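The structure appears below as structure tokens.
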Amino acid sequence: MKKQTKKLRDKILSKQTLLNQANQQLKKEFIGLDSVIDEVISSISSWFLFPDLQDKPVIVNLWGLTGTGKSSLVNRLVQLLQQERKYFRFDLGENNGWQLKNQLEEIYENENGFPIVLAFDEFQHVRTIGELGEEITDTSRDNRIVWELLDSGKFQITKYDHSVNDLYDFINKLNFFLREGVQVKNGLVISRKEFFVEEMGLEKKYINPNSKTEKLDLKKVNFVKSQVPYLLFDLTRDRYKTPFEIKETLMKLNGEETIAYLTELFEFATSPKTVDCSKAIIFVLGNLDEAYTMSKNYNPDVNADEFHEMSLKINVPIIKKALQERFRNEQIARLGNNHIIYPAFSSKSFYKIIDLELKKIANKVYKSQDILLDFDESIKELIYKEGVYPTQGTRPIFTTIYQVVNSKLAKIVAEKIINKVKGNKVKITYNDGFVSIDYFLKKKVVFHFKEKQILKLENLRKNKKDDIQAITAVHESGHAICSVFLMKTIPEVIYSITAEANSHGFVFTKYLWNYISKKEIINRLSMLLGGYAAERIVFGEENVTAGSESDIEKATELISDMIKNCGMGKLPAKYQVKDLKTNLAIHDTENHLKNDIEEWIKSAYSLTEKILKEQESLLLHMADFLSDNRMMNKESIEKYCKIYGVNYSSELIIRNGDNIFYRNHLKQKIKTVSTKQENPVVDSYGFSLNKDVNSKID
């Protein structure tokens with residue numbers, strides 16, 4: 001007993017050590033994911049230490065932007081925990097229902113009922129709710145089996161192949177012999193042996209190399225061929241441990257009993273089988289654009305730290321709300337509550353990832369070629385500027401590293417050999433469009449060459465100093481000034497040149513409050529119209545460009561939403577166009593709302609023009625700077641406001657969005673309420689048994 005206890009203790013300690021080592025190693029390899037790794041290790045620890053204690057699978061959901069390391073983290077974790085042979089990964093973006101079911105049958109053959117690891121990758125693709133809210137009934141992608149696994153960890157399969165058909169034909173053949181007078185005892189044919197042997201073709205197996213037929217020993221003729229027990233064993237693995245058990249049984253039966261026994265095995269083989277994954281841990285991996293609203297922004301000029309900060313605000317309720325856009329409520333319930341949310345990478349994490357990858361390359365080259373690679377900071381900066389798309393994770397970085405570094409490794413080695421360079425230290429630097437390779441021997445450069453580097457983003461970021469940049473400078477300055485004087489918020493940055501495909505520039509502003517009040521609607525509208533108004537003021541009515549399309553669209557959508565859905569109009573009600581599906585909304589058949597929306601936009605535009613004309617000096621100076629420089633940061637914007645702005649004061653700007661008005665107003669209001677209140681009389685309240693008194697009103 002003591003030996004068993006010690007053995008169990010040693011096993012647990014060994015597994016705990018393996019978990020801790022995996023935790024530490026993952027943090028070395030996956031930058032910026034320490035909290036995610038801690039959550040994953042914590043989620044699987046009970047399963048890893050005591051898998052036999054669970055009767056339902058453990059579900060671990062990993063959500064994040066593309067390229068943040070969800071799949072690779074799980075793959076590496078499985079390796080570190082030495083679970084590769086028990087790991088089954090499924091790409092739900094590629095699998096249809098039948099393929100998935102066939103792959104899962106491998107579990108029945110190999111690991112049925114044992115602790116295993118399942119990973120359902122690209123889980124967002126098995127959506128059951130369409131983009132318009134309709135249920136998806138595509139039978140070609142029937143993934144009900146996934147939901148069965150997530151619920152109980154079990155599902156049924158029917159194994160029906162050519163072996164089953166062969167067994168059916170064999171039973172019919174044996175029945176024929178019994179009808180023809182063949183008798184059987186203890187598995188051996190005891191009557192009409194010659195007939196049985198001839199019809200079964202058994203003599204053919206006794207032809208020797210000299211083509212002489214040997215005589216069959218008719219004293220011992222098996223009713224069931226010797227290879228049949230092995231066939232039966234393949235079909236009934238979860239019933240027998242070895243084919244010899246079947247053979248022993250057959251050697252005890254007469255003809256009728258043999259038929260009955262084989263028929264029973266046939267029925268067992270063709271009956272549904274339960275694939276048992278109840279002791280599994282299931283990783284659900286997916287990208288949820290509905291939660292990561294920044295995911296569609298491919299602009300490489302947006303600060304990665306801004307997206308990182310936005311991603312940290314995503315919580316489990318937001319994830320579940322996003323899941324409702326793709327799955328039914330009962331399916332979301334099956335995913336459980338263990339949702340691990342990946343953050344977007346910060347700029348610091350991106351630089352660490354670049355540094356880690358370059359170190360891997362340097363170590364590889366040193367081991368194979370005895371060359372020490374030293375990457376200058378300018379190379380790391382180039383890779384960041386060319387390779388970082390904040391919402392696309394690490395994949396663009398790795399391709400950029402290949403273009404900048406890996407593509408030159410062969411020449412670095414070849415030049416050393418061809419020119420018989422003695423130095424084994426190589427420093428790689430970037431400057432003015434060229435990657436320079438310097439070979440050192442005792443701190444002295446002994447050989448040098450350089451390669452022109454093709455830039456895909458930096459060339460797009462260069463100042464053009466043309467009409468487009470001038471138009472963009474004026475347009476974006478208009479937005480920024482309205483943000484300062486109407487929304488009391490200084491933008492984080494203004495760009496008049498950007499590498500984004502569908503934009504010449506943009507203003508990035510962070511509001512410090514998370515609501516829209518009625519009084520600020522007109523200010524938000526004005527800010528959206530700031531670019532259009534600025535162009536009109538500076539260039540004249542006839543020279544306004546079509547670049548305000550998206551701004552006008554956003555402004556119209558904002559005020560329409562505020563009035564039609566948010567109760568910000570004259571009546572707190574919901575409005576919809578007339579349709580059978582909108583019976584519970586008000587139908588604006590007289591176009592009153594249309595007129596109201598137009599009036600709001602007119603008023604907002606008048607306010608925009610008023611502000612920009614008052615701040616015309618600031619507008620012109622800011623636009624002039626941006627016509628020569630591709631960006632203006634927050635500090636520069638505030639500096640210009642102080643110098644050229646009319647009636648600008650730092651006190652105008654909101655620095656803390658947590659206590660702007662509402663809390664203080666509530667606290668002041670409560671002081672005006674009398675502390676003496678009459679006790680309410682129960683009879684004065686109306687009650688209804690048809691109403692839920694605990695119902696929530698949003």
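Going by the structure tokens order, chains are called A, B, ..., each with residues numbered from 1, while ligands are numbered from 1 in the order shown.
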Worksheet item: So which residues touch Leu626 in chain A within 8 Å, counting only C-alpha atoms, skipping near sequence neighbours fewer than 4 positions away, as number ranges by chain?
Response: A: 469-470, 473, 495-496, 622, 630-632
Non-local contacts of range 81-97 of chain A (9 Å; only C-alpha atoms; under 2 positions in same chain excluded) as a PDB file with C-alpha atoms, in the first residue's frame:
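So the final result, stored in around_6.pdb, reads:
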```pdb
ATOM      1  CA  LYS A  15       3.189  15.931 -13.742  1.00  0.00           C
ATOM      2  CA  LEU A  18       6.001  19.145 -16.255  1.00  0.00           C
ATOM      3  CA  LEU A  19       3.176  21.707 -16.019  1.00  0.00           C
ATOM      4  CA  ALA A  22       5.651  24.080 -19.756  1.00  0.00           C
ATOM      5  CA  PHE A  48      -3.688  16.757 -16.565  1.00  0.00           C
ATOM      6  CA  ASN A  75       0.340  22.741 -30.402  1.00  0.00           C
ATOM      7  CA  ARG A  76       3.423  23.640 -28.375  1.00  0.00           C
ATOM      8  CA  LEU A  77       1.674  22.957 -25.061  1.00  0.00           C
ATOM      9  CA  VAL A  78       0.780  19.460 -26.261  1.00  0.00           C
ATOM     10  CA  GLN A  79       4.440  18.847 -27.145  1.00  0.00           C
ATOM     11  CA  GLN A  99     -14.934  14.582 -42.952  1.00  0.00           C
ATOM     12  CA  LEU A 100     -14.967  15.609 -39.321  1.00  0.00           C
ATOM     13  CA  LYS A 101     -16.944  12.523 -38.307  1.00  0.00           C
ATOM     14  CA  ASN A 102     -14.603  10.213 -40.209  1.00  0.00           C
ATOM     15  CA  GLN A 103     -11.564  11.783 -38.556  1.00  0.00           C
ATOM     16  CA  LEU A 104     -13.106  11.487 -35.116  1.00  0.00           C
ATOM     17  CA  ILE A 107     -10.487   8.066 -31.563  1.00  0.00           C
ATOM     18  CA  GLU A 111      -8.128   6.190 -27.657  1.00  0.00           C
ATOM     19  CA  PHE A 114      -9.041   7.602 -22.509  1.00  0.00           C
ATOM     20  CA  PRO A 115      -7.806  11.142 -21.706  1.00  0.00           C
ATOM     21  CA  ILE A 116      -7.087  12.936 -24.986  1.00  0.00           C
ATOM     22  CA  VAL A 117      -6.651  16.479 -26.306  1.00  0.00           C
ATOM     23  CA  LEU A 118      -8.989  17.822 -28.988  1.00  0.00           C
ATOM     24  CA  ALA A 119      -8.577  21.179 -30.722  1.00  0.00           C
ATOM     25  CA  PHE A 120     -11.342  22.711 -32.847  1.00  0.00           C
ATOM     26  CA  ASP A 121      -9.557  25.464 -34.776  1.00  0.00           C
ATOM     27  CA  GLU A 122     -11.225  28.251 -36.788  1.00  0.00           C
ATOM     28  CA  PHE A 123     -14.355  27.595 -34.728  1.00  0.00           C
ATOM     29  CA  GLN A 124     -16.084  30.724 -36.025  1.00  0.00           C
ATOM     30  CA  HIS A 125     -16.710  28.908 -39.316  1.00  0.00           C
ATOM     31  CA  VAL A 126     -19.212  26.429 -37.821  1.00  0.00           C
ATOM     32  CA  THR A 139     -26.375  19.872 -44.640  1.00  0.00           C
ATOM     33  CA  SER A 140     -23.002  19.694 -46.402  1.00  0.00           C
ATOM     34  CA  ARG A 141     -21.468  21.291 -43.320  1.00  0.00           C
ATOM     35  CA  ASP A 142     -23.442  19.424 -40.677  1.00  0.00           C
ATOM     36  CA  ASN A 143     -21.306  19.860 -37.564  1.00  0.00           C
ATOM     37  CA  ARG A 144     -23.767  18.596 -34.956  1.00  0.00           C
ATOM     38  CA  ILE A 145     -21.113  16.150 -33.874  1.00  0.00           C
ATOM     39  CA  VAL A 146     -19.042  19.089 -32.579  1.00  0.00           C
TER      40      VAL A 146
END
```
Just list as a PDB file with C-alpha atoms, in the first residue's frame whatever in range 362-567 of chain A DSSP marks as alpha helix (DSSP H).
```pdb
ATOM      1  CA  ALA A 362      21.534  34.134 -35.438  1.00  0.00           C
ATOM      2  CA  ASN A 363      21.783  30.925 -33.383  1.00  0.00           C
ATOM      3  CA  LYS A 364      20.953  28.784 -36.393  1.00  0.00           C
ATOM      4  CA  VAL A 365      23.567  30.472 -38.585  1.00  0.00           C
ATOM      5  CA  TYR A 366      26.208  30.248 -35.865  1.00  0.00           C
ATOM      6  CA  LYS A 367      25.630  26.515 -35.349  1.00  0.00           C
ATOM      7  CA  SER A 368      25.710  25.701 -39.055  1.00  0.00           C
ATOM      8  CA  GLN A 369      28.243  28.226 -40.420  1.00  0.00           C
ATOM      9  CA  GLU A 377      18.604  48.412 -34.098  1.00  0.00           C
ATOM     10  CA  SER A 378      17.989  49.982 -37.511  1.00  0.00           C
ATOM     11  CA  ILE A 379      17.161  46.509 -38.879  1.00  0.00           C
ATOM     12  CA  LYS A 380      14.665  45.893 -36.075  1.00  0.00           C
ATOM     13  CA  GLU A 381      13.106  49.294 -36.693  1.00  0.00           C
ATOM     14  CA  LEU A 382      12.835  48.560 -40.423  1.00  0.00           C
ATOM     15  CA  ILE A 383      11.143  45.213 -39.759  1.00  0.00           C
ATOM     16  CA  TYR A 384       8.672  46.880 -37.394  1.00  0.00           C
ATOM     17  CA  LYS A 385       7.778  49.647 -39.846  1.00  0.00           C
ATOM     18  CA  GLU A 386       7.480  47.272 -42.790  1.00  0.00           C
ATOM     19  CA  GLY A 387       6.000  44.246 -41.046  1.00  0.00           C
ATOM     20  CA  ARG A 395       2.392  36.537 -39.625  1.00  0.00           C
ATOM     21  CA  PRO A 396       3.280  39.732 -41.552  1.00  0.00           C
ATOM     22  CA  ILE A 397       6.340  40.120 -39.300  1.00  0.00           C
ATOM     23  CA  PHE A 398       7.717  36.689 -40.188  1.00  0.00           C
ATOM     24  CA  THR A 399       7.320  37.300 -43.923  1.00  0.00           C
ATOM     25  CA  THR A 400       9.028  40.683 -43.555  1.00  0.00           C
ATOM     26  CA  ILE A 401      11.928  39.118 -41.617  1.00  0.00           C
ATOM     27  CA  SER A 407      16.823  36.209 -48.214  1.00  0.00           C
ATOM     28  CA  LYS A 408      20.361  37.556 -47.668  1.00  0.00           C
ATOM     29  CA  LEU A 409      21.788  34.731 -45.554  1.00  0.00           C
ATOM     30  CA  ALA A 410      22.978  32.665 -48.519  1.00  0.00           C
ATOM     31  CA  LYS A 411      24.931  35.614 -49.921  1.00  0.00           C
ATOM     32  CA  ILE A 412      26.403  36.424 -46.495  1.00  0.00           C
ATOM     33  CA  VAL A 413      27.833  32.898 -46.278  1.00  0.00           C
ATOM     34  CA  ALA A 414      28.845  32.765 -49.962  1.00  0.00           C
ATOM     35  CA  GLU A 415      30.710  36.102 -49.885  1.00  0.00           C
ATOM     36  CA  LYS A 416      32.687  34.973 -46.858  1.00  0.00           C
ATOM     37  CA  ILE A 417      33.803  31.801 -48.629  1.00  0.00           C
ATOM     38  CA  ILE A 418      34.439  33.343 -52.071  1.00  0.00           C
ATOM     39  CA  ASP A 467      -2.138  68.420 -53.942  1.00  0.00           C
ATOM     40  CA  ILE A 468      -3.351  65.171 -52.353  1.00  0.00           C
ATOM     41  CA  GLN A 469      -1.293  65.763 -49.216  1.00  0.00           C
ATOM     42  CA  ALA A 470      -2.449  69.392 -49.080  1.00  0.00           C
ATOM     43  CA  ILE A 471      -6.126  68.398 -49.389  1.00  0.00           C
ATOM     44  CA  THR A 472      -5.685  65.696 -46.747  1.00  0.00           C
ATOM     45  CA  ALA A 473      -3.851  68.115 -44.442  1.00  0.00           C
ATOM     46  CA  VAL A 474      -6.741  70.599 -44.568  1.00  0.00           C
ATOM     47  CA  HIS A 475      -9.385  67.882 -44.266  1.00  0.00           C
ATOM     48  CA  GLU A 476      -7.850  66.126 -41.247  1.00  0.00           C
ATOM     49  CA  SER A 477      -7.038  69.444 -39.532  1.00  0.00           C
ATOM     50  CA  GLY A 478     -10.751  70.285 -39.717  1.00  0.00           C
ATOM     51  CA  HIS A 479     -11.648  67.064 -37.908  1.00  0.00           C
ATOM     52  CA  ALA A 480      -8.944  67.625 -35.284  1.00  0.00           C
ATOM     53  CA  ILE A 481      -9.965  71.207 -34.466  1.00  0.00           C
ATOM     54  CA  CYS A 482     -13.616  70.193 -34.034  1.00  0.00           C
ATOM     55  CA  SER A 483     -12.451  67.403 -31.719  1.00  0.00           C
ATOM     56  CA  VAL A 484     -10.535  69.900 -29.573  1.00  0.00           C
ATOM     57  CA  PHE A 485     -13.120  72.683 -29.345  1.00  0.00           C
ATOM     58  CA  ILE A 521     -24.773  64.488 -30.501  1.00  0.00           C
ATOM     59  CA  ILE A 522     -24.544  67.741 -32.435  1.00  0.00           C
ATOM     60  CA  ASN A 523     -20.867  68.075 -31.489  1.00  0.00           C
ATOM     61  CA  ARG A 524     -20.105  64.549 -32.737  1.00  0.00           C
ATOM     62  CA  LEU A 525     -21.928  65.299 -35.967  1.00  0.00           C
ATOM     63  CA  SER A 526     -19.973  68.527 -36.343  1.00  0.00           C
ATOM     64  CA  MET A 527     -16.686  66.741 -35.856  1.00  0.00           C
ATOM     65  CA  LEU A 528     -17.581  64.199 -38.560  1.00  0.00           C
ATOM     66  CA  GLY A 530     -15.187  68.941 -40.004  1.00  0.00           C
ATOM     67  CA  GLY A 531     -13.169  67.688 -42.980  1.00  0.00           C
ATOM     68  CA  TYR A 532     -15.783  68.712 -45.527  1.00  0.00           C
ATOM     69  CA  ALA A 533     -16.233  72.153 -43.936  1.00  0.00           C
ATOM     70  CA  ALA A 534     -12.455  72.738 -43.741  1.00  0.00           C
ATOM     71  CA  GLU A 535     -12.035  72.025 -47.459  1.00  0.00           C
ATOM     72  CA  ARG A 536     -14.880  74.411 -48.258  1.00  0.00           C
ATOM     73  CA  ILE A 537     -13.452  77.211 -46.105  1.00  0.00           C
ATOM     74  CA  VAL A 538      -9.866  76.897 -47.352  1.00  0.00           C
ATOM     75  CA  PHE A 539     -10.321  75.946 -51.012  1.00  0.00           C
ATOM     76  CA  GLU A 549     -17.904  60.299 -48.506  1.00  0.00           C
ATOM     77  CA  SER A 550     -17.289  58.094 -45.461  1.00  0.00           C
ATOM     78  CA  ASP A 551     -17.569  61.070 -43.050  1.00  0.00           C
ATOM     79  CA  ILE A 552     -20.982  62.021 -44.436  1.00  0.00           C
ATOM     80  CA  GLU A 553     -22.105  58.402 -44.301  1.00  0.00           C
ATOM     81  CA  LYS A 554     -21.043  58.079 -40.659  1.00  0.00           C
ATOM     82  CA  ALA A 555     -22.745  61.341 -39.711  1.00  0.00           C
ATOM     83  CA  THR A 556     -26.018  60.300 -41.353  1.00  0.00           C
ATOM     84  CA  GLU A 557     -25.897  56.850 -39.732  1.00  0.00           C
ATOM     85  CA  LEU A 558     -25.133  58.363 -36.311  1.00  0.00           C
ATOM     86  CA  ILE A 559     -28.071  60.765 -36.189  1.00  0.00           C
ATOM     87  CA  SER A 560     -30.408  58.185 -37.762  1.00  0.00           C
ATOM     88  CA  ASP A 561     -29.461  55.649 -35.105  1.00  0.00           C
ATOM     89  CA  MET A 562     -29.783  58.189 -32.288  1.00  0.00           C
ATOM     90  CA  ILE A 563     -33.303  59.179 -33.334  1.00  0.00           C
ATOM     91  CA  LYS A 564     -34.687  55.893 -34.678  1.00  0.00           C
TER      92      LYS A 564
END
```
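Proximity to Pro390 in chain A at 8 Å, evaluated using only C-alpha atoms and with sequence-adjacent residues fewer than 6 positions away removed, yields Tyr298, Asn299, Pro300, Val302, Asn303, Ala304, Phe307, Ala344 and Phe345 of chain A.
Straight-line separation from CA of Ser271 in chain A to CA of Val164 in chain A: 11.2 Å.
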Worksheet item: Could you name the residues that touch range 244-255 of chain A at 9 Å or less, counting only C-alpha atoms, but leaving out those on the same chain fewer than 4 positions away, as a PyMOL selection string?
Response: chain A and resi 174-175+178+182-189+222-224+226+228-230+232-233+240+259-261
Next, the residues of the selection above should be written as a PDB file, in the first residue's frame with C-alpha atoms.
```pdb
ATOM      1  CA  LEU A 174     -22.783 -21.239 -44.086  1.00  0.00           C
ATOM      2  CA  ASN A 175     -26.583 -21.302 -43.953  1.00  0.00           C
ATOM      3  CA  LEU A 178     -26.540 -26.455 -43.341  1.00  0.00           C
ATOM      4  CA  VAL A 182     -23.631 -30.349 -43.706  1.00  0.00           C
ATOM      5  CA  GLN A 183     -23.425 -31.072 -39.994  1.00  0.00           C
ATOM      6  CA  VAL A 184     -21.093 -29.449 -37.451  1.00  0.00           C
ATOM      7  CA  LYS A 185     -19.861 -30.421 -34.006  1.00  0.00           C
ATOM      8  CA  ASN A 186     -17.377 -28.466 -31.861  1.00  0.00           C
ATOM      9  CA  GLY A 187     -16.616 -26.223 -34.797  1.00  0.00           C
ATOM     10  CA  LEU A 188     -15.706 -29.082 -37.153  1.00  0.00           C
ATOM     11  CA  VAL A 189     -17.600 -30.403 -40.185  1.00  0.00           C
ATOM     12  CA  ASN A 222     -13.168 -26.209 -39.707  1.00  0.00           C
ATOM     13  CA  PHE A 223     -16.692 -24.980 -40.370  1.00  0.00           C
ATOM     14  CA  VAL A 224     -15.427 -21.372 -39.994  1.00  0.00           C
ATOM     15  CA  SER A 226      -9.208 -19.801 -39.616  1.00  0.00           C
ATOM     16  CA  VAL A 228     -12.521 -15.293 -39.880  1.00  0.00           C
ATOM     17  CA  PRO A 229     -11.896 -14.804 -36.110  1.00  0.00           C
ATOM     18  CA  TYR A 230      -9.412 -12.053 -36.989  1.00  0.00           C
ATOM     19  CA  LEU A 232     -14.568 -10.619 -36.421  1.00  0.00           C
ATOM     20  CA  PHE A 233     -12.113  -9.214 -33.890  1.00  0.00           C
ATOM     21  CA  TYR A 240     -13.056  -8.904 -27.069  1.00  0.00           C
ATOM     22  CA  ILE A 259     -24.881 -19.212 -37.347  1.00  0.00           C
ATOM     23  CA  ALA A 260     -26.581 -17.681 -34.294  1.00  0.00           C
ATOM     24  CA  TYR A 261     -23.222 -16.568 -32.851  1.00  0.00           C
TER      25      TYR A 261
END
```
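Of note, CA of Phe176 in chain A and CA of Arg239 in chain A are spaced 28.1 Å apart.
Separating CA of Asp38 in chain A from CA of Asn61 in chain A is a distance of 14.0 Å.
Neighbours of range 445-451 of chain A closer than or equal to 10 Å, with only C-alpha atoms counted and sequence neighbours fewer than 3 positions away skipped, come out as Val404, Lys408, Lys411, Ile412, Glu415, Lys416, Asn419, Lys420, Val421, Lys422, Gly423, Lys425, Val426, Lys427, Ile428, Thr429, Tyr430, Gly433, Phe434, Val435, Ser436, Ile437, Asp438, Tyr439, Phe440, Leu441, Lys442 and Ile454 of chain A.
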Grab the residues selected above and save them as a compact mmCIF listing (two decimals), in the first residue's frame with C-alpha atoms.
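That gives us again.txt:
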```txt
# COMPACT_ATOMS: atom_id res chain seq x y z
CA VAL A 404 14.85 41.61 -45.04
CA LYS A 408 20.36 37.56 -47.67
CA LYS A 411 24.93 35.61 -49.92
CA ILE A 412 26.40 36.42 -46.49
CA GLU A 415 30.71 36.10 -49.89
CA LYS A 416 32.69 34.97 -46.86
CA ASN A 419 36.43 36.28 -50.71
CA LYS A 420 38.18 34.19 -48.03
CA VAL A 421 37.04 36.57 -45.30
CA LYS A 422 38.67 35.67 -41.99
CA GLY A 423 36.31 37.53 -39.69
CA LYS A 425 31.36 38.43 -36.93
CA VAL A 426 28.87 40.09 -39.28
CA LYS A 427 26.94 43.23 -38.46
CA ILE A 428 23.76 43.93 -40.43
CA THR A 429 22.57 47.55 -40.66
CA TYR A 430 19.91 49.44 -42.58
CA GLY A 433 17.28 52.10 -48.65
CA PHE A 434 20.21 49.70 -48.33
CA VAL A 435 21.03 46.80 -46.00
CA SER A 436 24.76 46.91 -45.24
CA ILE A 437 26.73 43.76 -44.37
CA ASP A 438 30.02 44.36 -42.51
CA TYR A 439 32.45 41.51 -41.64
CA PHE A 440 34.57 42.18 -38.56
CA LEU A 441 37.88 40.81 -37.38
CA LYS A 442 38.88 42.14 -33.97
CA ILE A 454 12.73 47.03 -51.59
```
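Closest approach to Asn23 in chain A among A:Glu39, A:Glu357, A:Glu330, A:Glu256: A:Glu39, based on only C-alpha atoms.
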Item to complete: Could you give me, as a ChimeraX atom specification, the residues within 10 Å of Leu65 in chain A, counting only C-alpha atoms and dropping anything in the same chain fewer than 6 positions from it?
Response: /A:286-289,291-295,311,341-345,390-393
Would you save the residues from that selection as a compact mmCIF listing (two decimals), in the first residue's frame, using N, CA and C atoms?
```
# COMPACT_ATOMS: atom_id res chain seq x y z
N GLY A 286 -10.75 30.43 -31.99
CA GLY A 286 -11.45 31.18 -33.04
C GLY A 286 -11.15 32.66 -33.03
N ASN A 287 -11.50 33.30 -34.14
CA ASN A 287 -11.41 34.75 -34.28
C ASN A 287 -12.82 35.31 -34.26
N LEU A 288 -13.08 36.24 -33.36
CA LEU A 288 -14.43 36.82 -33.26
C LEU A 288 -14.37 38.30 -33.63
N ASP A 289 -14.66 38.59 -34.90
CA ASP A 289 -14.63 39.98 -35.34
C ASP A 289 -15.68 40.81 -34.62
N ALA A 291 -16.40 40.77 -31.54
CA ALA A 291 -15.86 41.25 -30.26
C ALA A 291 -14.64 42.14 -30.50
N TYR A 292 -13.78 41.72 -31.43
CA TYR A 292 -12.58 42.50 -31.76
C TYR A 292 -12.94 43.44 -32.92
N THR A 293 -13.63 44.52 -32.57
CA THR A 293 -14.16 45.41 -33.60
C THR A 293 -13.06 46.08 -34.42
N MET A 294 -11.83 46.08 -33.90
CA MET A 294 -10.73 46.69 -34.64
C MET A 294 -10.16 45.76 -35.70
N SER A 295 -10.66 44.52 -35.77
CA SER A 295 -10.06 43.50 -36.63
C SER A 295 -10.08 43.84 -38.11
N SER A 311 -8.21 46.06 -26.83
CA SER A 311 -8.44 44.62 -26.66
C SER A 311 -8.51 44.22 -25.18
N ILE A 341 -9.22 35.29 -23.28
CA ILE A 341 -9.25 36.35 -24.30
C ILE A 341 -7.83 36.84 -24.58
N TYR A 342 -7.41 36.69 -25.82
CA TYR A 342 -6.08 37.13 -26.24
C TYR A 342 -6.07 38.65 -26.44
N PRO A 343 -5.06 39.32 -25.94
CA PRO A 343 -4.94 40.75 -26.24
C PRO A 343 -4.29 40.95 -27.61
N ALA A 344 -4.54 42.10 -28.21
CA ALA A 344 -3.76 42.48 -29.39
C ALA A 344 -2.35 42.81 -28.91
N PHE A 345 -1.36 42.56 -29.73
CA PHE A 345 0.02 42.81 -29.32
C PHE A 345 0.29 44.30 -29.20
N PRO A 390 -1.04 46.03 -36.91
CA PRO A 390 -1.45 45.71 -35.54
C PRO A 390 -2.57 44.70 -35.39
N THR A 391 -3.49 44.63 -36.36
CA THR A 391 -4.61 43.69 -36.22
C THR A 391 -4.36 42.34 -36.89
N GLN A 392 -3.17 42.14 -37.46
CA GLN A 392 -2.89 40.90 -38.17
C GLN A 392 -1.85 40.03 -37.48
N GLY A 393 -1.47 40.41 -36.27
CA GLY A 393 -0.60 39.55 -35.48
C GLY A 393 0.81 39.42 -36.04
```
Quick one: everything within 12 Å of Tyr644 in chain A, counting only C-alpha atoms, minus sequence neighbours fewer than 4 positions away in the same chain. Send it as a short mmCIF file (atom, residue, chain, number, x, y, z; two decimals) with N, CA and C atoms, in the first residue's frame.
```cif
data_model
loop_
_atom_site.label_atom_id
_atom_site.label_comp_id
_atom_site.auth_asym_id
_atom_site.auth_seq_id
_atom_site.Cartn_x
_atom_site.Cartn_y
_atom_site.Cartn_z
N ILE A 481 -9.58 69.97 -35.17
CA ILE A 481 -9.96 71.21 -34.47
C ILE A 481 -11.36 71.06 -33.86
N GLU A 614 -13.86 80.61 -36.77
CA GLU A 614 -13.27 81.23 -35.59
C GLU A 614 -11.81 80.81 -35.43
N GLN A 615 -11.52 79.55 -35.78
CA GLN A 615 -10.17 79.00 -35.61
C GLN A 615 -9.44 78.92 -36.96
N GLU A 616 -9.71 79.84 -37.87
CA GLU A 616 -9.14 79.76 -39.22
C GLU A 616 -7.61 79.84 -39.20
N SER A 617 -7.07 80.64 -38.32
CA SER A 617 -5.60 80.74 -38.23
C SER A 617 -5.01 79.40 -37.80
N LEU A 618 -5.61 78.79 -36.80
CA LEU A 618 -5.15 77.47 -36.35
C LEU A 618 -5.31 76.44 -37.47
N LEU A 619 -6.43 76.49 -38.19
CA LEU A 619 -6.68 75.57 -39.29
C LEU A 619 -5.60 75.68 -40.36
N LEU A 620 -5.27 76.90 -40.75
CA LEU A 620 -4.28 77.11 -41.81
C LEU A 620 -2.88 76.72 -41.37
N HIS A 621 -2.51 77.07 -40.16
CA HIS A 621 -1.16 76.72 -39.67
C HIS A 621 -1.01 75.20 -39.50
N MET A 622 -2.04 74.58 -38.96
CA MET A 622 -1.98 73.13 -38.76
C MET A 622 -1.93 72.42 -40.12
N SER A 636 2.24 68.09 -30.31
CA SER A 636 2.30 69.16 -31.32
C SER A 636 0.94 69.78 -31.56
N ILE A 637 -0.10 68.96 -31.54
CA ILE A 637 -1.46 69.49 -31.74
C ILE A 637 -1.80 70.48 -30.64
N GLU A 638 -1.52 70.10 -29.40
CA GLU A 638 -1.83 71.01 -28.28
C GLU A 638 -0.98 72.27 -28.34
N LYS A 639 0.27 72.13 -28.76
CA LYS A 639 1.15 73.29 -28.88
C LYS A 639 0.58 74.28 -29.90
N TYR A 640 0.13 73.78 -31.05
CA TYR A 640 -0.45 74.65 -32.08
C TYR A 640 -1.73 75.30 -31.57
N TYR A 648 -8.34 79.31 -26.58
CA TYR A 648 -7.99 77.95 -26.16
C TYR A 648 -7.39 77.98 -24.75
N SER A 649 -7.76 77.02 -23.95
CA SER A 649 -7.19 76.87 -22.61
C SER A 649 -7.04 75.39 -22.32
#
```
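For the residues A:Thr274, A:Ala322, A:Gly567, A:Phe506, ranking by smallest atom-to-atom distance to Phe155 in chain A using only C-alpha atoms places A:Thr274 first.
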